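**Student:** Pasting in a structure now, in structure tokens, and then I'll have a few things to ask.
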Amino acid sequence: MIIVLKPKASDKDIKAISDKIRKFGMAPHVSKGEQRTIIGAVGDERLFNQDQVLAMPCVEKVLPILKPYKLVSREFKKEDTIVNVRGVKIGGNKLVVMAGPCSVESKQQLLIAAKAVKAAGATILRGGAFKPRTSPYAFQGLEEEGLKLLAEAREETGLPIVTEVMSSVDVGLIGKYTDIFQIGARNMQNFKLLKMVGRTKTPVLLKRGLSATLMELLMSAEYIMSEGNHNVILCERGIRTFCDHTRNTLDLNIVPVLKKLTHLPVIVDPSHGTGKADLVNPMARAGIACGSDGLMIEVHPNPVEAVSDGDQSLTPKDFAQLMKDLKPFAKAAGRTL
Ligand code: PEP
Ligand code: MN
């Protein structure tokens, strides 16, 4: 249920309504907009006593949220959510570019990549320390050593970092280092993991599962938000289709649909979406053209030597060129880069 408060409602009123919602055995989620505050009452709706809530003087109206996802929906929050990561705003007019290697491999590799992406205009550094690999014999990541290197690279460049968490067991450790938790495609429906990151205050980048529907993606975001963490960023990274000319099929259709249904920021990952370095540039431009709030791009100092995803990784030079090529597309979409 959504409770719309009168414009002059005070913090005391918000607390009184929140307490009442808790009394019903439901959870209150407060969203303070420019004009007015609304409170979502989430849980078993049979427990909600509408008459009691309407009787409170600061309440203007009570509306049901008809969609199965509640906090994620535009009904709950009309304005776009802007996730602030150490001063970098994700979801505002300025597009965000998260770039860096697929895997953190060494101090030298990471620092070269970090400095290069920063110089070209990226505002967030990516790098995997815990890697979800198809083969158990493939490189699994440097784990905590990799997290330390990411923190060092942040120190050196000032770029906030995003790195993947694969298991609920690692949320505490990775949370000590990262600025954004990445939930990878293979874990989009790891509900225990979603709940664990939902109980932290660290922003979460949620990647769409390999064969997840729009509804499944939004319900996974709802898992995170329902635990109290409203700083969620969605990412389209390509899905499985019959097409074998690319690693995945980048489903750009989902971007405008998501932007309509949810207030959460949406970014596009053309690196995993295509699996091919020469397709990253055109699909990154397309991602901006269709309304995404930013991009995730894999960059490696020497892609042929990369331990993972070398085929789709850009060289620092190609990345710098990409950032230049994106400028007119950003402008045409009414955004800055
Ligand atoms: C990655 O970002 O390196 C990654 C493994 O992504 P995905 O979960 O989308 O495959
Ligand atoms: Mn990768």
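Starting from 1 in every chain, residues are counted up; chains themselves are A, B, ... following the order of the structure tokens, and ligands are numbered from 1 as listed.
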With only C-alpha atoms as the counted atoms, please give the residues lying no more than 10 Å from A:Lys259, apart from itself and same-chain residues fewer than 6 positions off, as a PyMOL selection string.
**Tutor:** chain A and resi 73-74+80+265-266+291-293
**Student:** Give me, as a VMD selection string, the set of residues whose atoms come within 7 Å of any atom of ligand 2, counting only C-alpha atoms and all ligand atoms.
**Tutor:** chain A and resid 102 to 103 272 298 308 to 309
**Student:** Keeping all heavy atoms for every residue in the selection just given, could you write it to a file as a PDB file, in the first residue's frame?
**Tutor:**
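Wrote it out as part09.pdb, contents follow:
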```pdb
ATOM      1  N   CYS A 102      38.067  -7.202 -16.347  1.00  0.00           N
ATOM      2  CA  CYS A 102      37.131  -8.239 -15.900  1.00  0.00           C
ATOM      3  C   CYS A 102      37.614  -8.734 -14.538  1.00  0.00           C
ATOM      4  O   CYS A 102      36.899  -8.640 -13.548  1.00  0.00           O
ATOM      5  CB  CYS A 102      37.086  -9.379 -16.918  1.00  0.00           C
ATOM      6  SG  CYS A 102      35.995 -10.707 -16.412  1.00  0.00           S
ATOM      7  N   SER A 103      38.864  -9.239 -14.500  1.00  0.00           N
ATOM      8  CA  SER A 103      39.438  -9.727 -13.240  1.00  0.00           C
ATOM      9  C   SER A 103      40.584  -8.834 -12.810  1.00  0.00           C
ATOM     10  O   SER A 103      41.357  -8.358 -13.646  1.00  0.00           O
ATOM     11  CB  SER A 103      40.042 -11.127 -13.428  1.00  0.00           C
ATOM     12  OG  SER A 103      39.070 -12.052 -13.805  1.00  0.00           O
ATOM     13  N   HIS A 272      29.867  -7.706 -21.843  1.00  0.00           N
ATOM     14  CA  HIS A 272      29.281  -9.049 -21.716  1.00  0.00           C
ATOM     15  C   HIS A 272      28.125  -9.237 -22.695  1.00  0.00           C
ATOM     16  O   HIS A 272      27.832 -10.346 -23.113  1.00  0.00           O
ATOM     17  CB  HIS A 272      28.833  -9.307 -20.272  1.00  0.00           C
ATOM     18  CG  HIS A 272      29.992  -9.356 -19.314  1.00  0.00           C
ATOM     19  ND1 HIS A 272      30.509  -8.233 -18.735  1.00  0.00           N
ATOM     20  CD2 HIS A 272      30.760 -10.390 -18.897  1.00  0.00           C
ATOM     21  CE1 HIS A 272      31.545  -8.566 -17.974  1.00  0.00           C
ATOM     22  NE2 HIS A 272      31.728  -9.866 -18.056  1.00  0.00           N
ATOM     23  N   GLU A 298      34.526  -3.325 -20.035  1.00  0.00           N
ATOM     24  CA  GLU A 298      35.756  -3.998 -19.615  1.00  0.00           C
ATOM     25  C   GLU A 298      36.960  -3.470 -20.405  1.00  0.00           C
ATOM     26  O   GLU A 298      36.930  -3.398 -21.637  1.00  0.00           O
ATOM     27  CB  GLU A 298      35.611  -5.515 -19.769  1.00  0.00           C
ATOM     28  CG  GLU A 298      34.691  -6.065 -18.683  1.00  0.00           C
ATOM     29  CD  GLU A 298      34.612  -7.574 -18.593  1.00  0.00           C
ATOM     30  OE1 GLU A 298      34.918  -8.272 -19.587  1.00  0.00           O
ATOM     31  OE2 GLU A 298      34.218  -8.067 -17.522  1.00  0.00           O
ATOM     32  N   SER A 308      40.637 -13.455 -18.040  1.00  0.00           N
ATOM     33  CA  SER A 308      39.210 -13.681 -18.312  1.00  0.00           C
ATOM     34  C   SER A 308      38.690 -12.573 -19.230  1.00  0.00           C
ATOM     35  O   SER A 308      39.115 -11.423 -19.130  1.00  0.00           O
ATOM     36  CB  SER A 308      38.399 -13.720 -17.012  1.00  0.00           C
ATOM     37  OG  SER A 308      38.488 -12.497 -16.319  1.00  0.00           O
ATOM     38  N   ASP A 309      37.783 -12.957 -20.105  1.00  0.00           N
ATOM     39  CA  ASP A 309      37.070 -12.018 -20.987  1.00  0.00           C
ATOM     40  C   ASP A 309      37.961 -11.104 -21.837  1.00  0.00           C
ATOM     41  O   ASP A 309      37.573  -9.960 -22.150  1.00  0.00           O
ATOM     42  CB  ASP A 309      36.062 -11.185 -20.162  1.00  0.00           C
ATOM     43  CG  ASP A 309      34.881 -12.036 -19.680  1.00  0.00           C
ATOM     44  OD1 ASP A 309      34.763 -13.201 -20.128  1.00  0.00           O
ATOM     45  OD2 ASP A 309      34.092 -11.549 -18.864  1.00  0.00           O
TER      46      ASP A 309
END
```
**Student:** Can you work out which one of A:Phe130, A:Tyr177, A:Tyr223, A:Phe242 has the shortest atom-to-atom distance to ligand 1, counting only C-alpha atoms and all ligand atoms?
**Tutor:** A:Phe130
**Student:** Quick one: of A:Tyr137, A:Phe76, A:Phe181, A:Tyr69, who's nearest to ligand 1, counting only C-alpha atoms and all ligand atoms?
**Tutor:**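 The shortest atom-to-atom distance to ligand 1 comes from A:Phe181.
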**Student:** Just list the residues in stretch 73-174 of chain A DSSP gives alpha helix (DSSP H) on the backbone, as a ChimeraX atom specification.
**Tutor:** /A:107-120,144-157,171-174
**Student:** With only C-alpha atoms and all ligand atoms counted, collect every polymer residue having an atom within 9 Å of ligand 1; state the result as a ChimeraX atom specification.
**Tutor:** /A:101-103,126-128,131-133,163-164,182-188,206-210,235-238,269,271-273,296-298,308-309
**Student:** Would you please give, as a list in words, all residues of stretch 145-254 of chain A that DSSP assigns to strand (DSSP E or B) based on the backbone?
**Tutor:**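 Checking each residue of stretch 145-254 of chain A, the strand (DSSP E or B) ones are Ile161, Val162, Thr163, Glu164, Ile180, Phe181, Gln182, Ile183, Val204, Leu205, Leu206, Lys207, Val232, Ile233, Leu234, Cys235, Glu236, Ile239 and Thr249 of chain A.
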**Student:** May I have the residues from that selection written out with all heavy atoms, as a compact mmCIF listing (two decimals), in the first residue's frame?
**Tutor:**
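Now in out05.txt:
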```
# COMPACT_ATOMS: atom_id res chain seq x y z
N ILE A 161 34.91 2.14 -6.32
CA ILE A 161 35.06 0.82 -6.94
C ILE A 161 33.78 -0.02 -6.86
O ILE A 161 32.97 0.13 -5.95
CB ILE A 161 36.24 0.03 -6.32
CG1 ILE A 161 36.12 -0.07 -4.79
CG2 ILE A 161 37.57 0.67 -6.69
CD1 ILE A 161 37.27 -0.81 -4.11
N VAL A 162 33.63 -0.88 -7.87
CA VAL A 162 32.53 -1.85 -7.89
C VAL A 162 33.16 -3.23 -8.12
O VAL A 162 34.00 -3.39 -8.99
CB VAL A 162 31.45 -1.53 -8.96
CG1 VAL A 162 32.02 -1.35 -10.35
CG2 VAL A 162 30.34 -2.58 -8.97
N THR A 163 32.74 -4.19 -7.29
CA THR A 163 33.29 -5.55 -7.43
C THR A 163 32.24 -6.57 -7.04
O THR A 163 31.34 -6.29 -6.24
CB THR A 163 34.59 -5.69 -6.59
OG1 THR A 163 35.32 -6.84 -7.04
CG2 THR A 163 34.33 -5.85 -5.10
N GLU A 164 32.36 -7.76 -7.62
CA GLU A 164 31.30 -8.76 -7.44
C GLU A 164 31.37 -9.50 -6.11
O GLU A 164 32.45 -9.85 -5.64
CB GLU A 164 31.36 -9.79 -8.61
CG GLU A 164 30.30 -10.87 -8.48
CD GLU A 164 30.00 -11.62 -9.77
OE1 GLU A 164 30.51 -11.22 -10.85
OE2 GLU A 164 29.25 -12.61 -9.69
N ILE A 180 30.48 -0.33 -4.18
CA ILE A 180 29.25 -0.89 -4.77
C ILE A 180 29.41 -2.41 -4.82
O ILE A 180 30.43 -2.90 -5.30
CB ILE A 180 29.01 -0.38 -6.22
CG1 ILE A 180 29.02 1.15 -6.29
CG2 ILE A 180 27.71 -0.94 -6.78
CD1 ILE A 180 28.92 1.71 -7.73
N PHE A 181 28.41 -3.14 -4.34
CA PHE A 181 28.40 -4.59 -4.52
C PHE A 181 27.86 -4.88 -5.92
O PHE A 181 26.79 -4.38 -6.29
CB PHE A 181 27.42 -5.26 -3.55
CG PHE A 181 27.89 -5.37 -2.13
CD1 PHE A 181 27.17 -4.75 -1.12
CD2 PHE A 181 29.00 -6.12 -1.79
CE1 PHE A 181 27.57 -4.86 0.21
CE2 PHE A 181 29.40 -6.24 -0.47
CZ PHE A 181 28.69 -5.61 0.54
N GLN A 182 28.56 -5.72 -6.67
CA GLN A 182 27.98 -6.21 -7.94
C GLN A 182 27.40 -7.59 -7.68
O GLN A 182 28.08 -8.47 -7.16
CB GLN A 182 29.07 -6.28 -9.01
CG GLN A 182 28.58 -6.90 -10.32
CD GLN A 182 29.59 -6.76 -11.44
OE1 GLN A 182 30.22 -5.71 -11.59
NE2 GLN A 182 29.76 -7.81 -12.23
N ILE A 183 26.12 -7.75 -8.04
CA ILE A 183 25.51 -9.09 -8.04
C ILE A 183 25.54 -9.53 -9.48
O ILE A 183 24.93 -8.90 -10.35
CB ILE A 183 24.05 -9.07 -7.52
CG1 ILE A 183 23.94 -8.44 -6.12
CG2 ILE A 183 23.45 -10.48 -7.56
CD1 ILE A 183 24.45 -9.27 -4.99
N VAL A 204 24.07 -1.32 -4.58
CA VAL A 204 24.13 -2.65 -5.22
C VAL A 204 23.88 -2.51 -6.72
O VAL A 204 22.89 -1.89 -7.14
CB VAL A 204 23.06 -3.59 -4.62
CG1 VAL A 204 23.12 -4.96 -5.29
CG2 VAL A 204 23.22 -3.72 -3.11
N LEU A 205 24.79 -3.06 -7.52
CA LEU A 205 24.60 -3.14 -8.97
C LEU A 205 24.07 -4.54 -9.26
O LEU A 205 24.80 -5.52 -9.08
CB LEU A 205 25.93 -2.90 -9.69
CG LEU A 205 25.91 -3.11 -11.19
CD1 LEU A 205 25.11 -2.01 -11.89
CD2 LEU A 205 27.32 -3.13 -11.75
N LEU A 206 22.82 -4.62 -9.70
CA LEU A 206 22.18 -5.92 -9.92
C LEU A 206 22.14 -6.21 -11.41
O LEU A 206 21.44 -5.54 -12.17
CB LEU A 206 20.76 -5.88 -9.34
CG LEU A 206 19.91 -7.13 -9.52
CD1 LEU A 206 20.50 -8.32 -8.76
CD2 LEU A 206 18.47 -6.87 -9.04
N LYS A 207 22.89 -7.25 -11.82
CA LYS A 207 22.92 -7.60 -13.25
C LYS A 207 21.80 -8.58 -13.57
O LYS A 207 21.48 -9.46 -12.76
CB LYS A 207 24.30 -8.17 -13.62
CG LYS A 207 25.42 -7.13 -13.46
CD LYS A 207 26.75 -7.62 -13.96
CE LYS A 207 27.06 -7.11 -15.34
NZ LYS A 207 28.41 -7.53 -15.80
N VAL A 232 19.84 0.77 -5.38
CA VAL A 232 19.99 -0.34 -6.32
C VAL A 232 20.11 0.23 -7.74
O VAL A 232 19.39 1.15 -8.11
CB VAL A 232 18.78 -1.31 -6.23
CG1 VAL A 232 18.93 -2.47 -7.21
CG2 VAL A 232 18.62 -1.83 -4.81
N ILE A 233 21.05 -0.34 -8.50
CA ILE A 233 21.26 0.05 -9.90
C ILE A 233 21.04 -1.23 -10.72
O ILE A 233 21.60 -2.28 -10.38
CB ILE A 233 22.71 0.54 -10.12
CG1 ILE A 233 23.03 1.68 -9.14
CG2 ILE A 233 22.96 0.96 -11.57
CD1 ILE A 233 24.43 1.59 -8.56
N LEU A 234 20.24 -1.15 -11.78
CA LEU A 234 19.98 -2.33 -12.61
C LEU A 234 20.93 -2.33 -13.80
O LEU A 234 21.32 -1.27 -14.29
CB LEU A 234 18.54 -2.32 -13.10
CG LEU A 234 17.48 -2.23 -11.98
CD1 LEU A 234 16.09 -2.05 -12.60
CD2 LEU A 234 17.51 -3.48 -11.11
N CYS A 235 21.28 -3.53 -14.28
CA CYS A 235 22.21 -3.61 -15.42
C CYS A 235 21.76 -4.67 -16.42
O CYS A 235 21.62 -5.84 -16.08
CB CYS A 235 23.61 -3.93 -14.91
SG CYS A 235 24.84 -4.10 -16.23
N GLU A 236 21.55 -4.23 -17.67
CA GLU A 236 21.29 -5.16 -18.77
C GLU A 236 22.64 -5.59 -19.33
O GLU A 236 23.44 -4.75 -19.75
CB GLU A 236 20.45 -4.46 -19.85
CG GLU A 236 20.45 -5.13 -21.22
CD GLU A 236 19.95 -6.57 -21.21
OE1 GLU A 236 19.10 -6.92 -20.37
OE2 GLU A 236 20.45 -7.36 -22.05
N ILE A 239 21.36 -11.49 -22.78
CA ILE A 239 20.67 -12.72 -22.38
C ILE A 239 20.96 -13.82 -23.39
O ILE A 239 21.44 -13.57 -24.49
CB ILE A 239 19.13 -12.49 -22.29
CG1 ILE A 239 18.61 -11.76 -23.55
CG2 ILE A 239 18.79 -11.72 -21.03
CD1 ILE A 239 17.11 -11.72 -23.68
N THR A 249 22.82 -11.83 -26.28
CA THR A 249 22.06 -10.86 -27.06
C THR A 249 21.73 -9.69 -26.14
O THR A 249 21.02 -9.87 -25.14
CB THR A 249 20.78 -11.50 -27.62
OG1 THR A 249 21.17 -12.54 -28.52
CG2 THR A 249 19.92 -10.48 -28.37
```
**Student:** Quote the spacing between atom CA of A:Gln35 and atom CA of A:Lys77 in Å to one decimal place.
**Tutor:**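 Separation of atom CA of A:Gln35 and atom CA of A:Lys77: 11.7 Å.
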**Student:** Smallest atom-to-atom distance to A:Leu194: which of A:Ala27, A:Leu217, A:Leu264, A:Ile3, using only C-alpha atoms?
**Tutor:**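 The shortest atom-to-atom distance to A:Leu194 comes from A:Leu217.
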**Student:** Pick out the closest residue to A:Thr262 from this set: A:Gly91, A:Pro28, A:Gly33, A:Pro301. Count only C-alpha atoms.
**Tutor:**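 Answer, going by the shortest atom-to-atom distance: A:Gly91.
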**Student:** For atom CA of A:Arg335 and atom CA of A:Asn93, quote the distance in Å rounded to one decimal.
**Tutor:**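 Atom-to-atom, atom CA of A:Arg335 and atom CA of A:Asn93 are spaced 5.3 Å apart.
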**Student:** Name all residues at most 8 Å from A:Ile38 (count only C-alpha atoms; drop same-chain ones fewer than 6 positions away) and give them as an mmCIF file with C-alpha atoms, in the first residue's frame.
**Tutor:**
```
data_model
loop_
_atom_site.group_PDB
_atom_site.id
_atom_site.type_symbol
_atom_site.label_atom_id
_atom_site.label_comp_id
_atom_site.auth_asym_id
_atom_site.auth_seq_id
_atom_site.Cartn_x
_atom_site.Cartn_y
_atom_site.Cartn_z
ATOM 1 C CA ILE A 2 1.109 3.575 -0.595
ATOM 2 C CA ILE A 3 0.256 6.235 1.953
ATOM 3 C CA VAL A 4 0.439 9.734 0.505
ATOM 4 C CA LEU A 5 0.983 12.376 3.177
ATOM 5 C CA VAL A 30 9.653 6.248 3.558
ATOM 6 C CA SER A 31 10.265 8.144 0.310
ATOM 7 C CA LYS A 32 10.678 11.907 0.698
ATOM 8 C CA PHE A 76 6.028 4.081 -5.052
#
```
**Student:** Need to verify the contact set: A:Thr336, 10 Å, only C-alpha atoms, exclusion of same-chain residues closer than 5 positions in sequence. Can you return it as a ChimeraX atom specification?
**Tutor:** /A:92-96,326-331
**Student:** So that I have them on file, write out the residues from the current selection with N, CA, C and O atoms, as a JSON list (two decimals), in the first residue's frame.
**Tutor:**
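That gives us part.json:
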```json
[["chain", "number", "residue", "atom", "x", "y", "z"],
["A", 92, "GLY", "N", 21.45, 10.40, -12.53],
["A", 92, "GLY", "CA", 21.16, 11.81, -12.83],
["A", 92, "GLY", "C", 21.40, 12.11, -14.29],
["A", 92, "GLY", "O", 21.54, 11.20, -15.12],
["A", 93, "ASN", "N", 21.51, 13.38, -14.61],
["A", 93, "ASN", "CA", 21.68, 13.75, -16.02],
["A", 93, "ASN", "C", 23.03, 13.30, -16.57],
["A", 93, "ASN", "O", 23.15, 12.93, -17.74],
["A", 94, "LYS", "N", 24.05, 13.30, -15.72],
["A", 94, "LYS", "CA", 25.38, 12.90, -16.18],
["A", 94, "LYS", "C", 25.46, 11.37, -16.24],
["A", 94, "LYS", "O", 25.14, 10.69, -15.27],
["A", 95, "LEU", "N", 25.88, 10.87, -17.38],
["A", 95, "LEU", "CA", 26.00, 9.41, -17.55],
["A", 95, "LEU", "C", 27.18, 8.90, -16.73],
["A", 95, "LEU", "O", 28.20, 9.58, -16.61],
["A", 96, "VAL", "N", 27.04, 7.71, -16.19],
["A", 96, "VAL", "CA", 28.14, 7.12, -15.42],
["A", 96, "VAL", "C", 28.81, 6.05, -16.27],
["A", 96, "VAL", "O", 28.13, 5.30, -16.98],
["A", 326, "LEU", "N", 31.37, 8.63, -27.78],
["A", 326, "LEU", "CA", 30.08, 8.66, -27.08],
["A", 326, "LEU", "C", 29.53, 10.07, -26.89],
["A", 326, "LEU", "O", 28.33, 10.25, -26.73],
["A", 327, "LYS", "N", 30.43, 11.05, -26.92],
["A", 327, "LYS", "CA", 30.03, 12.44, -26.60],
["A", 327, "LYS", "C", 28.80, 12.92, -27.39],
["A", 327, "LYS", "O", 27.82, 13.36, -26.79],
["A", 328, "PRO", "N", 28.84, 12.84, -28.76],
["A", 328, "PRO", "CA", 27.65, 13.33, -29.49],
["A", 328, "PRO", "C", 26.38, 12.53, -29.20],
["A", 328, "PRO", "O", 25.28, 13.07, -29.25],
["A", 329, "PHE", "N", 26.54, 11.25, -28.87],
["A", 329, "PHE", "CA", 25.37, 10.42, -28.55],
["A", 329, "PHE", "C", 24.78, 10.85, -27.22],
["A", 329, "PHE", "O", 23.55, 10.92, -27.06],
["A", 330, "ALA", "N", 25.67, 11.16, -26.27],
["A", 330, "ALA", "CA", 25.20, 11.64, -24.97],
["A", 330, "ALA", "C", 24.44, 12.95, -25.16],
["A", 330, "ALA", "O", 23.35, 13.15, -24.63],
["A", 331, "LYS", "N", 25.02, 13.82, -25.98],
["A", 331, "LYS", "CA", 24.40, 15.14, -26.21],
["A", 331, "LYS", "C", 23.04, 14.98, -26.87],
["A", 331, "LYS", "O", 22.06, 15.61, -26.44]]
```
**Student:** From the set A:Val85, A:Leu250, A:Leu314, A:Ala138, which residue has the shortest atom-to-atom contact distance to A:Lys201, counting only C-alpha atoms?
**Tutor:**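 Closest candidate: A:Val85.
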**Student:** Could you jot down the atom CA of A:Phe24 to atom CA of A:Asn231 separation for me, Å, one decimal place?
**Tutor:**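 Atom CA of A:Asn231 lies 26.0 Å from atom CA of A:Phe24.
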**Student:** Tell me which protein, DNA and RNA residues are within 9 Å of A:Met26, counting only C-alpha atoms, leaving out same-chain ones fewer than 3 positions away, and put them as a list in words.
**Tutor:**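 Returned residues: Lys20, Ile21, Arg22, Lys23, Ala41, Val42, Gly43, Asp44, Glu45, Leu47 and Phe48 of chain A.
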**Student:** Check the smallest atom-to-atom distance from each of A:Val165, A:Met225, A:Ala153, A:Cys243 to A:Leu125 using only C-alpha atoms, then report the winner.
**Tutor:** A:Ala153
**Student:** If we count only C-alpha atoms, what is near A:Asn302 at a cut-off of 9 Å, once residues fewer than 5 positions away on the same chain are taken out, given as a list of chain:residue names?
**Tutor:**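 Neighbouring residues, sequence-local ones excluded: A:Gln109, A:Gly310, A:Ser313, A:Leu314, A:Thr315, A:Pro316.
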**Student:** Residues of the last selection are to be written out with C-alpha atoms, as a short mmCIF file (atom, residue, chain, number, x, y, z; two decimals), in the first residue's frame.
**Tutor:**
```
data_model
loop_
_atom_site.label_atom_id
_atom_site.label_comp_id
_atom_site.auth_asym_id
_atom_site.auth_seq_id
_atom_site.Cartn_x
_atom_site.Cartn_y
_atom_site.Cartn_z
CA GLN A 109 47.62 -4.59 -14.42
CA GLY A 310 40.00 -10.85 -23.12
CA SER A 313 38.02 -6.19 -23.38
CA LEU A 314 39.06 -2.86 -24.87
CA THR A 315 42.62 -1.59 -24.84
CA PRO A 316 43.11 1.73 -23.01
#
```
